[in-house]
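See structure below.
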Amino acid sequence: MSAHATSPQFKDNAHRALQDQQLQKALGNVRHNFIERRAQAAARLPEFEALRDQARDLRDHVLAHLDLYLEIYERKVTEAGGHVHFARTAEEASQIIVDLAKMRDARIVTKGKSMVSEEIGLNAALERAGIEAVETDLGEYIIQLRGEAPSHIIAPAVHLNQEDIEGDFRRVHTWLPKDRDLEAPESLLAEARATLRAKFLASDIGITGANFLVAETGTSIIVTNEGNGDLTQTLPKVHVVVASIEKIAPTLEDVAGIMRVLARSATGQDMSVYTTLSTGPRRPDDVDGPEEYHVVLVDNGRSNMLGTDFEDMLRCIRCGACMNHCPVYHAVGGHAYGWVYPGPMGAVLTPSLIGVDQGGHLPNASTFCGRCESVCPVRIPLPKLMRHWREREFERHLSPATVRSGLALWAYFAKRPKLYALSARIGIGLMGLAGRSKGRFAWMPFAGGWTKYRDMPAPQGQTFQAMYKRQRGASR
Amino acid sequence: MSEARDDILAGIRRSLGVSAGDTARRQIVEARIATAARGILPQRGEGDVATRAATFQAQAESVSASVAHVASDADLPAEIARFLRENNLPATLRMGEDARLAALPWDATALDISKGPSKGDDLNAVSHAEAGVAETGTLVLVSGSHNPTTLNFLPDNHIVVLRAETIAANYENVWTELRKRFGKGLMPRTVNLITGPSRSADIEQKMLLGAHGPRRLHIVVVG
């Protein structure tokens, strides 16, 4: 079963998030660090913009030939001694992994960071089967202790402050001395490192995601900073890779090209610390590494997105730059989006994967400022795709009656230009008069929801159309 | 193969409006893999061996690795002993079966050397890199009994020997060398690209070193 969604309650979620002082403090870190670091990394590499074009073109090429690349990739993995499993749905994907674990009598499974494993609800499925699943990425470990979902695709615990984490460690790590000093973030890291080291060494199966699947060689690639993904996949007897079908890159050269935009867009690093290329199980000459290597390829709605308005979304390489630059994400954080993928990419992808009836609110959570598209390493037209969803929401009569009647009223005038100009002139003139003394409105009829949180500036002077007419007349 | 596999591939073809028997598409894909054409290559890694080594060092240091140079193989044990001593680390060292490392004059030092993969109780390890990448100060390590992958991640302090002449301008040059060594379309079990010591910024976006992998990465460039 896919991860549970609270996306239909987006408005309530967002409202709660805005009131949450602790969350607002933590979100301050997103606003500052990510944006500045990405800008610096991009500036350090003169070829960066050209590399973004190249990455976009490559991803389009892969999507247009996805069936063929998947066949080649599968053949190469098999030739290298690995096994490829296809899963149509989240349920199938989780079941394949649970079955693999059960057949090997696995008790404990360690996991590297993987958003698709969140999407398929893997931890819950493993736990239902009586298998302990341990998240090993520091951020993922922290939110697992809290029973939360990630609030960001590359920084899952970005919604938390240091004191929250200290509280969780004290609550869960009860075998450690109560009076230990956890003042410094370094001590929290050291405690997590020691706790998880024991899990790595005891693990029966290691599960990682994949940033890329290379068709040329049958290689899966993970990109991390902590090294947890490598300990996850190197120490247990079985390595299971779970990845969505669109992660294909044709050749190693193609990977090199995309790598150059991935870390820079994500964290502002020129290169992440660990980029690991894994091909099949342990070889005769190996003295470590897994004895079995499995790849679970997850569709879960993606093949239906091909050939539609939303195909562009499948170019996404999950860097998180769109949410890092999104004023809505900055204001409400990731949990408000209510499912696995937050921010602009989540607003487009969520309705595609769980339905517009569930995720239809999310494309409305945008100011259409366009920053997401301007930083996307594969140039996904995110605002345009959100607009497509709004249109579909409207067509399917999913938007509220007030929105629909408001739009109908506007459409009536918009189709009658003279009437529109006249009524705008009268309306603007009246508002200008009424708001003359203060220059703003603290309350307006039919817009109480809007003016509750901010003032509406009173219009000054003429309407845009009147000014346009005059200027054009003057320039002739 | 499975029903799920066939359904997914058929679904992709249906969405794309293509047929499985379209040979023109197949040729495009096969040619792309056969050619493995290079894309845009950043200029910053280019230059002669000395320039590439200098770029490599600057990049590696910018991500908190330490870099030392020695003139020849014979100088390696002393440099490694110095690094351990100056960081107040025990004089122990774990390594794989790499012949280049085995041939070094370790007897000239007081280092206590053991061989094999790590089970998690080794503080210090040394590996021999397959190559380096100047562009980002990245090390390339290849799995096998010579340089077991566990040595790259379990010890607290990872020392890596890198030959100056193997420092490539970019990743693409490394792929070319890997193909020469392992064959087109073939790869060792693991290739690790390592750029600096392990780190995490998961606590309030503060960058902390030594998350799960090595806290220190010391690179000794030979030549």
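Identifiers in the structure tokens: chain A, B, ... in order shown; residue index from 1 per chain; ligand index from 1 in order shown.
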
> Hey, what's within 8 Å of region 208-218 of chain B if we count only C-alpha atoms and toss same-chain stuff fewer than 5 positions away? As JSON, numbers by chain, please?
Replying inline: {"A": [138, 186, 189, 190, 193, 197, 226, 227, 228], "B": [64, 65, 66, 67, 68, 152, 153, 154, 155, 156, 157, 158, 159, 160, 196, 197, 198, 199, 200, 201]}

> Nearest to Leu89 (chain B): which of B:Asp22, B:Asp122, B:Asp75, B:Asp107 is it, counting only C-alpha atoms?
Replying inline: B:Asp122

> Per DSSP on the backbone, what are the helix (DSSP H, G or I) residues of region 3-60 of chain B, as a PyMOL selection string?
Replying inline: chain B and resi 3-16+23-35+43-45+49-60

Keeping C-alpha atoms, export the residues of the selection given above as a compact mmCIF listing (two decimals), in the first residue's frame.
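Heads up, here's the output in selection04.txt:
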```txt
# COMPACT_ATOMS: atom_id res chain seq x y z
CA GLU B 3 3.71 -10.58 -16.14
CA ALA B 4 4.57 -7.31 -14.38
CA ARG B 5 7.60 -6.83 -16.62
CA ASP B 6 5.60 -7.36 -19.79
CA ASP B 7 2.80 -5.10 -18.56
CA ILE B 8 5.19 -2.28 -17.74
CA LEU B 9 7.06 -2.45 -21.03
CA ALA B 10 3.79 -2.69 -22.97
CA GLY B 11 2.41 0.25 -20.97
CA ILE B 12 5.45 2.39 -21.78
CA ARG B 13 5.12 1.56 -25.49
CA ARG B 14 1.41 2.31 -25.44
CA SER B 15 1.98 5.69 -23.76
CA LEU B 16 4.80 6.58 -26.15
CA THR B 23 14.09 -1.24 -35.49
CA ALA B 24 14.95 2.42 -36.04
CA ARG B 25 14.43 3.19 -32.35
CA ARG B 26 16.45 0.15 -31.36
CA GLN B 27 19.33 1.27 -33.56
CA ILE B 28 19.37 4.72 -31.97
CA VAL B 29 19.62 3.20 -28.51
CA GLU B 30 22.25 0.64 -29.42
CA ALA B 31 24.36 3.26 -31.19
CA ARG B 32 24.23 5.56 -28.18
CA ILE B 33 25.50 2.80 -25.91
CA ALA B 34 28.14 1.63 -28.39
CA THR B 35 29.46 5.14 -28.95
CA GLN B 43 37.71 23.11 -18.57
CA ARG B 44 38.73 23.36 -14.95
CA GLY B 45 40.25 19.86 -14.76
CA VAL B 49 50.15 16.25 -14.96
CA ALA B 50 51.43 18.95 -12.59
CA THR B 51 48.45 21.23 -13.29
CA ARG B 52 45.99 18.39 -12.82
CA ALA B 53 47.68 17.39 -9.56
CA ALA B 54 47.49 20.99 -8.33
CA THR B 55 43.80 21.28 -9.27
CA PHE B 56 43.11 17.94 -7.64
CA GLN B 57 44.77 19.07 -4.42
CA ALA B 58 42.95 22.39 -4.28
CA GLN B 59 39.60 20.70 -4.87
CA ALA B 60 40.23 17.89 -2.38
```

>> Restricting the calculation to only C-alpha atoms: of B:Ala74, B:Ile194, B:Leu104, B:Leu41, which residue gets closest to chain A?
In response: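 Comparing B:Ala74, B:Ile194, B:Leu104, B:Leu41 against chain A, the winner is B:Ile194.
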
> Which residues in region 16-204 of chain B does DSSP call strand (DSSP E)? List them as a ChimeraX atom specification.
Replying inline: /B:66-70,92-95,112-115,124-128,131-133,138-142,157-163,167-168,190-194,199-200

> What lies within 9 Å of Asp202 (chain B) using only C-alpha atoms, ignoring chain neighbours under 5 positions off, as a list of chain:residue names?
Replying inline: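 Within the cut-off, the hits are A:Asp137, A:Leu138, A:Gly139, A:Glu140, A:Ala155, A:Pro156, A:Ala157, A:Val158, B:Met207, B:Leu208.
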
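Proximity of A:Ile72, A:Cys372, A:Val348, A:Ala125 to chain B, computed with only C-alpha atoms, is greatest for A:Ile72.
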
>> Need to verify the contact set: Asp357 (chain A), 9 Å, only C-alpha atoms, exclusion of same-chain residues closer than 2 positions in sequence. Can you return it as a count of residues only?
In response: 9

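Around Tyr329 (chain A), within 8 Å and counting only C-alpha atoms, the residues found are Met323, Pro342 and Gly343 of chain A, once anything fewer than 6 positions away on its own chain is removed.
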
>> Just checking: using only C-alpha atoms, which residue out of B:His128, B:Lys119, B:Arg163, B:Arg100 ends up closest to chain A?
In response: B:Lys119

>> Report as a count of residues only all protein, DNA and RNA residues lying within 7 Å of Gly82 (chain A), evaluated on only C-alpha atoms, omitting residues in the same chain fewer than 4 positions from it.
In response: 7

> Expressed in Å to a single decimal, how great is the separation between CA of Ser127 (chain B) and CA of Pro148 (chain B)?
Replying inline: 8.2 Å

> Counting only C-alpha atoms, which of A:Arg264, A:Gly147, A:Glu119, A:Ala194 gets nearest to Thr136 (chain B)?
Replying inline: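 Distance minimum relative to Thr136 (chain B) lands on A:Arg264.
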